[in-house]
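Colleague: Below is a structure I'd like to ask you about.
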Amino acid sequence: MKTRAYHRPRTLDEAFALKREAGPDARFIAGGTDLMVGQQQPATLISLRSITDLAGIDVGAPTKIGALTPLADLLANKEIAALYPAVTQACHTFASMQIRNAATVGGNLCNASPAADLAPPFLVHGARVGILGPDGAREIALEEFFLGPGRTALADDEILTHVLLDKPAPETRAVFSRKTRVRMDIALASVAVLLELGDRVCRKARVAAGAVAPTPLRLTAVEQLLEGKRITPKLMADAAELAKTCIAPVDDIRTSADYRRRIIGVYIRRALEELCA
Amino acid sequence: MSETIAFELNGQPVRVAAEPGQRLLDLLRGPLRLTGTKEGCAEGECGACTVMVDDRPINSCLFPALEVDGREVVTIEGLRGPDNRLSAAQQAFADAAGTQCGFCSPGMVLTATALLNENTDPSDEQIRDALVGNLCRCTGYVQIVDSVRIAAEHLRGES
Amino acid sequence: MSDFRYVGHDTPRPDGGDKAAGKAHYIHDLERPGMLFGKIKFSEHAHARILSIDTSKAERLPGVKAVLTGYNTPQIRIGFLRDNFALKRDKVRQFRDEIAAVAAIDPDIAAEAVELIEVEYEPLPAVFDPIEALADGAPLVHDQDARGNPVTSNLVPMPCRHESGDLDAGARAAAFIAEGEYSTPLIQQACMGTAGCIAEFDTSNNLTIWAKTQIPFLAQRDYNRALKEMGLVGKNARVIVPAMGGGFGTGLDTHAYEYIAILLAHRTGQPVKIVYTRQEEFAYLSPRQSSRSKIRQGCDENGKLTFREVIVLQDNGAYVSWGATYPSVMLLPVTSLYKVDNVRFESTIAYTNNTYCQAMRGYGNPEVSWAIESNLDDLAAKAGIDPYELRLINCNEPGETTPMKLQVTTCGLRECLEKTADGLDWKNRRGNGKAKRRGVGMASLIHTGGGGRIYRSDASGMILKLDDFGNVNVFHGGVEMGQGLHSAIHLGLAEALGVKPEQIKINETDTATCPWDVGTHASRGAFMALKSAIIAANKAREKIFAMAEELFADIVAKSLAKYRKRYPDYEPPAFDVAAAARRDRFELCEGEVFIKDAPDEPWLKVELSQLLRAGHFRNQGTMLTVESFYDPPNELPDMKTGTGNISATYAYGTQGAEVEVDTETGEVQILKMVAAHDVGKVLNPQTLKGQIYGALAQGIGYALTEEVKTKNGRILNPGFTDYKIPTVHEMAFPIQLEIVETDDNEGPFGAKGVGEPGLVPTAPAIANAIFDAIGVRIHDLPITPEKILDALDALKQPTR
């Protein structure tokens, strides 16, 4: 199936009107790096690229990242690098320069791969996503946005418009790491950990993982284990063991569920070691 | 339903009909007859199809042709100077064994050029980060990285 | 620095500029007037009867010019056992069997038409494992051979065995024995330029085919046979090879898609192009054969090897191709890597319903070297001898005759071993990095370096056509696939003839114009091209000097007259040109002809072009064209005894690795590699390095990340997304190259072939380093982090 119509609306109203007219065979497209792969293409594509309002980064309380922001722009943003190094790290290892120049923040989230690299660092920063449809706008937590592999809370005629991240408190440190086979690869497992430390006591912990469950997810049990405690090597080891029980990895062409589980444990412990160093 | 688009291609204005589902790669290789850009995988993994759109290297196998309307596109053919002169990056690849079978070379040279446009003194790590989306099966990459370093030296006026 | 004028000097490749500029033209870029696009429908079952094929909807699609199946075309048998068919009838035997094909005015219509072809199958029981395939009662992949004789087993009738000395005595004499089982997976060649061809008939039914082939002349033979089978008796195929986009063995056979393009071109009367997408390349082109080896090696107390036994089982897949001949090359390391008198080798190959396999760089050598060199370190551990010392003790020496009857002439193995140990700082780093999980390991190789006789002729020829402008137009049947063959010809021919490399103009490889060449494989390209170039150059020089004997004096007299007009006060030195102008006193250097002991005056030098024009335009003028045909002094091996001096000389080398293993994640980081290669003589430093680096990268992929995964015959990872070849980051570690020049007598300028050696020892070198680092021996490639962790877990278990 080849695409028979490709529209380039300049405004959101135009986009929604085109969608209403074309019906369920029409899909919104941003950077195209997921949708353009493969022989089967939607009959109608409605490109959001020309809707300039949807791109842009505004660091603040909260930080707002437009859905059409290319990954390359997010990577290059120095304020993001200073406040959200885990996000920058995820952008740095994201595919390739060529992909980052086209792929968008919104596209990565809407594609809803369980391995979506932006998801774990966004999740630890309390991400909320803005959704707009012909009937109005709403905001939901990123945890509620992912429903399953390739499935999101977007209705067929809705668009993700922006991502909001909490402004991190001054004592916040966060880190992102991913396991791959070669450098350019889909993550076999990925981890983001955020700690707010005061006097060696963990005031706030956020832990998220990717590629080890039907969706990227927060490991809230691990967060609760860490919060309010001194982070000792024993606690790190316990957190790692607990993490292994909070996930639901599968065997697939890339690796085994067993290996994913082991990696999560190791990466979480190492993330905690790095953050407490 | 094809649509006529107008854009700047290798420094020259061009008008051409593009199809709704068409990839930029097909537009370049087909009606525009620029076969330097190659199809290596059709899924954005290998970089053989790399071209620049508004100064940014992208995989043309994943870029909708209609989206270059009003933009600037540079392909491997556009790097050459008048009278068949090679660009600094092309010359370095040619001199320092940066090419073997040559199939990855247009994409590789484009990506290298984009890197050097931003940074004429890239570190080894920066060169590798830039080229990670360009696969090569012949060279083992060593002389490709050398070629980029040599091109950088040349651009800094040091060689 | 080199003693030669051109050979041995770092020189940019003649084709580098075009390639860097995107001006090289590959099959993908070529167009012929009126060209149609072909697309193939592949089987949806691993083993099934074809009940019906309905092409009616496809035929009715506007833009479709032909739809072919095995039922509306003459049957064309392909493969050297003739067990395969261009289009299948009756039965499919693997997922990628070609059922039907379409030619249409554009690729999209062709693809759509293929989807409209409806095939009904009756699935048959299938077999996917060679051991199961050889068991009683296994479903038969073929029930008849090419002659129609019934076949009752899945055993491929290509035995290969070798026995020399007395294996049992050797085993009894061993103080230490190590045994093990090793395996290597299916590997994709993964050329960046995918497979494809354009077939075109003229109205006399002669065929021209632009093909991505490494064997243009053997392909011509195959296509001519196909033309006969199509009823086109006495018609000829002309094979032209454009820029390849990589070869690595994919071009060593002819493929169904080529015959399909030929059938479509004939049916439609128009040129037809078929090009594989990347997904088709992975799913439908033959990969590198997998292997399973059982090995035993033993040594005495002093570390001297007393015996070696290697038994290999290969999964052939559904049809026989060059993967089934790997055993002939496996014989080299099995019998001749290190000195061992008592050797036994046996190879078994079984048909299965998996994908059939073809050649890939190394051609069986990496498969068994993986087993031999890994096992050798196990033996060293048992014997309590350092593995480097063990290798030195058994090192091959120049002048040996090996159990396979290879005549070893030059051999730089000892130097390669020493340089590798040195480069790795062996004594300090060996076994001492246990706390940091670091280790060093090495492995060696032997490979053909002077051709490889696997066909009745191992020859290669060259035609030189000199013209009025001093161009040396070269016609040679070898294939430039990126390895630098043309660079070698530029430098070697310029050197041998006495012209500047810029004067050398190499023509396209074309069976209509070039002399016969068996194929660009076995690392024979530059060796053969330069051997024939030297012969041709010497013939040309003879003719040039004979021509000079007649014409030089007159040309020079006119030059002197002109010179004296320009410089009236000039007094020429006393020199009798006419007397000195004898053919044995001329020299040709940098494109100028002069008399060897003549005074150094400008008017006493004649440009080659000027001499040639004088020869051309005199009465009864002549042109200067010479030809050569070189067949190296090697032998076709006897597959029953597994003996024969298969090559004119042998390449040796050693590679070493220092690794660090993360024992929590199983990840192996390569800290450094040393690659020491006996290349005979460096022809062009930059292209030589390119061959070694490139092969090393393939070796790294083979060792750590590459594997074609299949389930019940279906390929599960047909793309770069899940078939992981090294990126630039995986090759970031320092590589120390040690080039050993042993100046081979048979080699042109002393050079040996270097195309394949670079990937042969890489995997065992890494595995041996891992063993040194963490005491874990991996037997099955690729060495993934999962396997490392599993092996570490097993180490922790108490022994039962």
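If you're wondering about the labels, chains in the structure tokens are A, B, ... by order shown, residues count from 1 in each chain, ligands from 1 in order shown.
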Using only C-alpha atoms and a distance of at most 6 Å, pull out the residues of chain A that contact chain B, as a PyMOL selection string.
Modeller: chain A and resi 3-6+33+36-37+96+98
Colleague: Give as a short mmCIF file (atom, residue, chain, number, x, y, z; two decimals) with N, CA and C atoms, in the first residue's frame every residue of chain C that touches chain A within 10 Å, counting only C-alpha atoms.
Modeller:
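To be explicit, this is the file written out as result-v3.cif:
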```
data_model
loop_
_atom_site.label_atom_id
_atom_site.label_comp_id
_atom_site.auth_asym_id
_atom_site.auth_seq_id
_atom_site.Cartn_x
_atom_site.Cartn_y
_atom_site.Cartn_z
N ASP C 108 7.55 -0.12 -8.63
CA ASP C 108 6.37 -0.20 -7.76
C ASP C 108 5.30 -1.10 -8.36
N ALA C 111 6.36 -4.64 -7.96
CA ALA C 111 6.16 -5.12 -6.59
C ALA C 111 4.68 -5.42 -6.34
N GLU C 112 3.83 -4.55 -6.84
CA GLU C 112 2.39 -4.76 -6.67
C GLU C 112 1.96 -6.04 -7.38
N GLN C 279 16.29 -5.87 2.43
CA GLN C 279 15.58 -6.97 3.06
C GLN C 279 15.66 -8.23 2.19
N GLU C 664 29.96 -8.52 34.95
CA GLU C 664 28.56 -8.36 35.36
C GLU C 664 27.63 -8.28 34.16
N THR C 665 28.12 -7.72 33.07
CA THR C 665 27.26 -7.61 31.89
C THR C 665 27.68 -8.57 30.78
N GLY C 666 28.86 -9.16 30.91
CA GLY C 666 29.34 -10.06 29.85
C GLY C 666 29.93 -9.34 28.65
N GLU C 667 30.00 -8.02 28.71
CA GLU C 667 30.49 -7.29 27.55
C GLU C 667 32.01 -7.42 27.44
N GLY C 701 33.11 -8.55 13.78
CA GLY C 701 31.68 -8.84 13.68
C GLY C 701 31.42 -10.33 13.83
N LEU C 704 31.96 -11.26 17.55
CA LEU C 704 31.18 -10.72 18.66
C LEU C 704 29.70 -10.45 18.41
N THR C 705 29.32 -10.09 17.17
CA THR C 705 27.95 -9.62 17.03
C THR C 705 27.13 -10.18 15.88
N GLU C 706 27.76 -10.80 14.90
CA GLU C 706 26.98 -11.16 13.70
C GLU C 706 26.43 -12.57 13.75
N LYS C 709 19.90 -15.30 12.11
CA LYS C 709 19.08 -16.18 12.96
C LYS C 709 17.94 -16.75 12.13
N LEU C 716 15.09 -14.64 10.52
CA LEU C 716 14.38 -13.79 11.48
C LEU C 716 14.91 -12.36 11.53
N ASN C 717 16.12 -12.14 11.07
CA ASN C 717 16.70 -10.79 11.19
C ASN C 717 17.21 -10.28 9.84
N PHE C 720 19.65 -4.54 8.89
CA PHE C 720 20.71 -4.08 9.78
C PHE C 720 20.20 -3.80 11.19
N THR C 721 18.88 -3.68 11.32
CA THR C 721 18.33 -3.44 12.66
C THR C 721 18.72 -4.56 13.61
N ASP C 722 18.67 -5.79 13.09
CA ASP C 722 18.99 -6.91 13.98
C ASP C 722 20.08 -7.83 13.46
N TYR C 723 20.71 -7.48 12.36
CA TYR C 723 21.95 -8.15 11.98
C TYR C 723 23.02 -7.09 12.17
N LYS C 724 23.79 -7.20 13.25
CA LYS C 724 24.65 -6.10 13.65
C LYS C 724 26.07 -6.22 13.15
N ILE C 725 26.41 -5.36 12.20
CA ILE C 725 27.81 -5.30 11.76
C ILE C 725 28.47 -4.15 12.53
N PRO C 726 29.79 -4.17 12.66
CA PRO C 726 30.45 -3.10 13.41
C PRO C 726 30.19 -1.72 12.81
N THR C 727 29.96 -0.75 13.69
CA THR C 727 29.92 0.65 13.28
C THR C 727 31.29 1.24 13.55
N VAL C 728 31.47 2.49 13.23
CA VAL C 728 32.76 3.15 13.45
C VAL C 728 33.18 3.09 14.92
N HIS C 729 32.20 3.05 15.81
CA HIS C 729 32.53 2.99 17.24
C HIS C 729 33.13 1.66 17.65
N GLU C 730 32.69 0.58 17.02
CA GLU C 730 33.21 -0.74 17.40
C GLU C 730 34.66 -0.91 16.95
N THR C 784 28.69 -13.62 22.52
CA THR C 784 27.80 -12.56 23.00
C THR C 784 27.93 -12.41 24.51
N PRO C 785 27.52 -11.25 25.04
CA PRO C 785 27.53 -11.09 26.49
C PRO C 785 26.72 -12.16 27.20
N GLU C 786 25.61 -12.58 26.58
CA GLU C 786 24.78 -13.62 27.20
C GLU C 786 25.58 -14.91 27.39
N LYS C 787 26.37 -15.26 26.35
CA LYS C 787 27.14 -16.50 26.45
C LYS C 787 28.23 -16.38 27.50
N LEU C 789 28.11 -14.56 30.25
CA LEU C 789 27.50 -14.68 31.57
C LEU C 789 27.12 -16.13 31.86
N ASP C 790 26.55 -16.80 30.87
CA ASP C 790 26.19 -18.22 31.08
C ASP C 790 27.44 -19.03 31.41
#
```
Colleague: Please compute the CA of Pro214 in chain A-CA of Pro149 in chain A distance, one decimal, in Å.
Modeller: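 Atom-to-atom, CA of Pro214 in chain A to CA of Pro149 in chain A, that is 5.4 Å.
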Colleague: Using only C-alpha atoms, find the residues of chain C whose closest atom to chain B is at most 6 Å away, then write them as a list in words.
Modeller: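 Result: Pro12, Gly16, Gly17, Lys19, Ala20, Gly22, Asp29, Met192, Gly193, Gly245, Gly246, Arg278, Met481, Gly482, Gly690, Tyr693, Gly694, Ala697, Thr727, Val728 and His729 of chain C.
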Colleague: Please write the residues from the selection above to a file, keeping C-alpha atoms, as a short mmCIF file (atom, residue, chain, number, x, y, z; two decimals), in the first residue's frame.
Modeller:
```
data_model
loop_
_atom_site.label_atom_id
_atom_site.label_comp_id
_atom_site.auth_asym_id
_atom_site.auth_seq_id
_atom_site.Cartn_x
_atom_site.Cartn_y
_atom_site.Cartn_z
CA PRO C 12 45.96 7.27 -3.87
CA GLY C 16 39.16 6.99 -5.27
CA GLY C 17 38.17 10.39 -6.63
CA LYS C 19 33.97 7.09 -5.57
CA ALA C 20 34.36 9.99 -3.15
CA GLY C 22 29.61 9.80 -6.12
CA ASP C 29 22.57 3.46 -11.14
CA MET C 192 26.71 -2.11 1.08
CA GLY C 193 25.70 -2.39 -2.58
CA GLY C 245 29.50 -2.14 -4.20
CA GLY C 246 31.40 -4.94 -2.47
CA ARG C 278 18.29 -4.77 1.66
CA MET C 481 35.30 -4.79 -5.98
CA GLY C 482 36.89 -2.26 -3.69
CA GLY C 690 42.61 -1.02 3.95
CA TYR C 693 41.51 -3.16 8.58
CA GLY C 694 38.44 -4.09 6.58
CA ALA C 697 36.32 -5.42 11.12
CA THR C 727 29.92 0.65 13.28
CA VAL C 728 32.76 3.15 13.45
CA HIS C 729 32.53 2.99 17.24
#
```
Colleague: From a DSSP calculation on the backbone, collect every residue of range 129-205 of chain A in strand (DSSP E or B) and output the set as a compact mmCIF listing (two decimals) with N, CA and C atoms, in the first residue's frame.
Modeller:
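After the write, states-v9.txt holds the following:
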```txt
# COMPACT_ATOMS: atom_id res chain seq x y z
N VAL A 129 2.37 14.95 29.36
CA VAL A 129 2.28 15.27 27.94
C VAL A 129 0.98 16.02 27.66
N GLY A 130 1.10 16.97 26.73
CA GLY A 130 -0.07 17.73 26.31
C GLY A 130 -0.66 17.11 25.06
N ILE A 131 -1.96 16.90 25.09
CA ILE A 131 -2.67 16.27 23.96
C ILE A 131 -3.73 17.22 23.45
N LEU A 132 -3.82 17.33 22.17
CA LEU A 132 -4.82 18.21 21.57
C LEU A 132 -5.62 17.43 20.54
N GLY A 133 -6.95 17.63 20.59
CA GLY A 133 -7.80 17.01 19.58
C GLY A 133 -8.77 18.05 19.06
N GLY A 136 -10.63 19.53 21.96
CA GLY A 136 -10.00 20.23 23.08
C GLY A 136 -8.67 19.64 23.49
N ALA A 137 -8.12 20.22 24.56
CA ALA A 137 -6.78 19.84 25.01
C ALA A 137 -6.85 19.16 26.36
N ARG A 138 -5.87 18.30 26.66
CA ARG A 138 -5.76 17.70 27.98
C ARG A 138 -4.29 17.38 28.26
N GLU A 139 -4.02 17.10 29.52
CA GLU A 139 -2.65 16.77 29.90
C GLU A 139 -2.70 15.52 30.75
N ILE A 140 -1.81 14.59 30.47
CA ILE A 140 -1.75 13.41 31.33
C ILE A 140 -0.29 13.08 31.66
N ALA A 141 -0.11 12.31 32.71
CA ALA A 141 1.24 11.88 33.07
C ALA A 141 1.75 10.94 31.97
N PHE A 146 1.54 5.73 27.74
CA PHE A 146 1.88 4.46 27.08
C PHE A 146 0.91 3.38 27.53
N LEU A 147 0.25 2.74 26.57
CA LEU A 147 -0.70 1.70 26.93
C LEU A 147 -0.18 0.30 26.59
N GLY A 148 0.74 0.21 25.69
CA GLY A 148 1.27 -1.10 25.28
C GLY A 148 2.22 -0.88 24.13
N ARG A 151 1.10 1.38 21.31
CA ARG A 151 -0.23 1.94 21.63
C ARG A 151 -0.13 3.04 22.66
N THR A 152 -0.83 4.16 22.38
CA THR A 152 -0.83 5.27 23.32
C THR A 152 -2.26 5.68 23.64
N ILE A 159 -3.42 14.76 18.66
CA ILE A 159 -1.98 14.98 18.45
C ILE A 159 -1.34 15.22 19.81
N LEU A 160 -0.10 14.73 19.97
CA LEU A 160 0.68 15.09 21.14
C LEU A 160 1.32 16.44 20.84
N THR A 161 1.14 17.42 21.68
CA THR A 161 1.62 18.77 21.37
C THR A 161 2.90 19.15 22.11
N HIS A 162 3.04 18.69 23.34
CA HIS A 162 4.24 19.10 24.07
C HIS A 162 4.48 18.15 25.23
N VAL A 163 5.67 18.24 25.79
CA VAL A 163 6.04 17.48 26.98
C VAL A 163 6.45 18.49 28.05
N LEU A 164 5.98 18.28 29.25
CA LEU A 164 6.36 19.15 30.37
C LEU A 164 7.23 18.36 31.32
N LEU A 165 8.35 18.92 31.72
CA LEU A 165 9.22 18.28 32.70
C LEU A 165 9.29 19.17 33.94
N THR A 172 19.51 17.76 42.68
CA THR A 172 19.10 16.63 41.85
C THR A 172 20.23 16.19 40.95
N ARG A 173 20.41 14.88 40.90
CA ARG A 173 21.32 14.30 39.90
C ARG A 173 20.60 13.18 39.20
N ALA A 174 20.83 13.06 37.91
CA ALA A 174 20.15 12.00 37.16
C ALA A 174 21.10 11.43 36.12
N VAL A 175 20.86 10.16 35.80
CA VAL A 175 21.72 9.51 34.82
C VAL A 175 20.89 8.55 33.97
N PHE A 176 21.32 8.36 32.72
CA PHE A 176 20.64 7.45 31.80
C PHE A 176 21.68 6.51 31.22
N SER A 177 21.33 5.25 31.13
CA SER A 177 22.24 4.33 30.42
C SER A 177 21.42 3.30 29.67
N ARG A 178 22.01 2.78 28.60
CA ARG A 178 21.30 1.79 27.79
C ARG A 178 22.26 0.70 27.35
N LYS A 179 21.72 -0.48 27.18
CA LYS A 179 22.53 -1.63 26.74
C LYS A 179 22.19 -1.91 25.28
N ALA A 189 17.94 -2.89 26.88
CA ALA A 189 17.41 -2.49 28.18
C ALA A 189 17.94 -1.10 28.46
N SER A 190 17.14 -0.27 29.07
CA SER A 190 17.63 1.06 29.40
C SER A 190 17.11 1.47 30.77
N VAL A 191 17.84 2.40 31.37
CA VAL A 191 17.55 2.76 32.75
C VAL A 191 17.78 4.25 32.94
N ALA A 192 16.90 4.91 33.66
CA ALA A 192 17.15 6.30 34.09
C ALA A 192 16.92 6.34 35.60
N VAL A 193 17.83 6.99 36.32
CA VAL A 193 17.68 7.12 37.76
C VAL A 193 17.90 8.57 38.14
N LEU A 194 17.03 9.08 38.98
CA LEU A 194 17.15 10.45 39.45
C LEU A 194 17.13 10.41 40.98
N LEU A 195 18.07 11.10 41.58
CA LEU A 195 18.11 11.18 43.04
C LEU A 195 18.22 12.64 43.47
N GLU A 196 17.48 12.95 44.51
CA GLU A 196 17.68 14.23 45.19
C GLU A 196 18.30 13.86 46.53
N LEU A 197 19.57 14.20 46.69
CA LEU A 197 20.27 13.78 47.91
C LEU A 197 20.49 14.97 48.83
N GLY A 198 20.27 14.77 50.11
CA GLY A 198 20.62 15.82 51.08
C GLY A 198 21.29 15.13 52.25
N VAL A 201 21.20 11.43 52.46
CA VAL A 201 19.89 10.78 52.54
C VAL A 201 19.13 11.09 51.27
N CYS A 202 18.47 10.08 50.77
CA CYS A 202 17.74 10.24 49.52
C CYS A 202 16.37 10.86 49.82
N ARG A 203 16.22 12.10 49.36
CA ARG A 203 14.93 12.76 49.61
C ARG A 203 13.91 12.34 48.57
N LYS A 204 14.43 12.16 47.35
CA LYS A 204 13.51 11.79 46.25
C LYS A 204 14.25 10.85 45.33
N ALA A 205 13.57 9.81 44.92
CA ALA A 205 14.15 8.88 43.95
C ALA A 205 13.14 8.62 42.85
```
Colleague: Of the candidates A:Lys234, A:Leu74, A:Leu242, A:Ala209, which shows the shortest atom-to-atom distance to Val222 in chain A, using only C-alpha atoms?
Modeller: A:Leu242
Colleague: Show which residues sit within 8 Å of Leu9 in chain B, as a ChimeraX atom specification. Count only C-alpha atoms, and ignore same-chain residues fewer than 4 positions away.
Modeller: /B:13-14,72-75,78
Colleague: Find the spatial neighbours of Gly249 in chain C, counting only C-alpha atoms, within a cut-off of 9 Å - ignore same-chain residues fewer than 2 positions away - and output them as a VMD selection string.
Modeller: chain C and resid 189 214 246 to 247 251 to 253 288 358 to 363 520 to 521
Colleague: Take the residues from that selection and put them in a file with C-alpha atoms, as a PDB file, in the first residue's frame.
Modeller:
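And here's part29.pdb as it stands now:
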```pdb
ATOM      1  CA  GLN C 189      28.320 -10.839   3.535  1.00  0.00           C
ATOM      2  CA  GLN C 214      33.340 -11.942  -9.293  1.00  0.00           C
ATOM      3  CA  GLY C 246      31.401  -4.944  -2.470  1.00  0.00           C
ATOM      4  CA  GLY C 247      31.781  -8.640  -3.201  1.00  0.00           C
ATOM      5  CA  GLY C 251      29.685 -12.828  -6.690  1.00  0.00           C
ATOM      6  CA  LEU C 252      31.308 -16.241  -6.774  1.00  0.00           C
ATOM      7  CA  ASP C 253      28.255 -18.043  -8.039  1.00  0.00           C
ATOM      8  CA  ARG C 288      28.124 -17.795   4.538  1.00  0.00           C
ATOM      9  CA  GLN C 358      27.698 -19.541  -0.816  1.00  0.00           C
ATOM     10  CA  ALA C 359      31.216 -18.256  -0.555  1.00  0.00           C
ATOM     11  CA  MET C 360      32.351 -15.574   1.798  1.00  0.00           C
ATOM     12  CA  ARG C 361      35.755 -14.146   2.494  1.00  0.00           C
ATOM     13  CA  GLY C 362      37.963 -16.787   4.034  1.00  0.00           C
ATOM     14  CA  TYR C 363      35.911 -19.587   2.584  1.00  0.00           C
ATOM     15  CA  THR C 520      38.485 -12.803  -8.215  1.00  0.00           C
ATOM     16  CA  HIS C 521      38.610 -14.995  -5.143  1.00  0.00           C
TER      17      HIS C 521
END
```
Colleague: Any idea what's packed within 12 Å of range 408-411 of chain C, counting only C-alpha atoms, ignoring anything in its chain fewer than 5 positions away? Could you give it as a PyMOL selection string?
Modeller: chain C and resi 332+336-339+395-403+416-417+445-450+634+645-653+677-681+740-747+750-752
Colleague: Go through chain B and collect every residue that DSSP, computed from the backbone, puts in alpha helix (DSSP H); the answer should be as a PyMOL selection string.
Modeller: chain B and resi 24-29+88-95+105-118+124-131+142-155
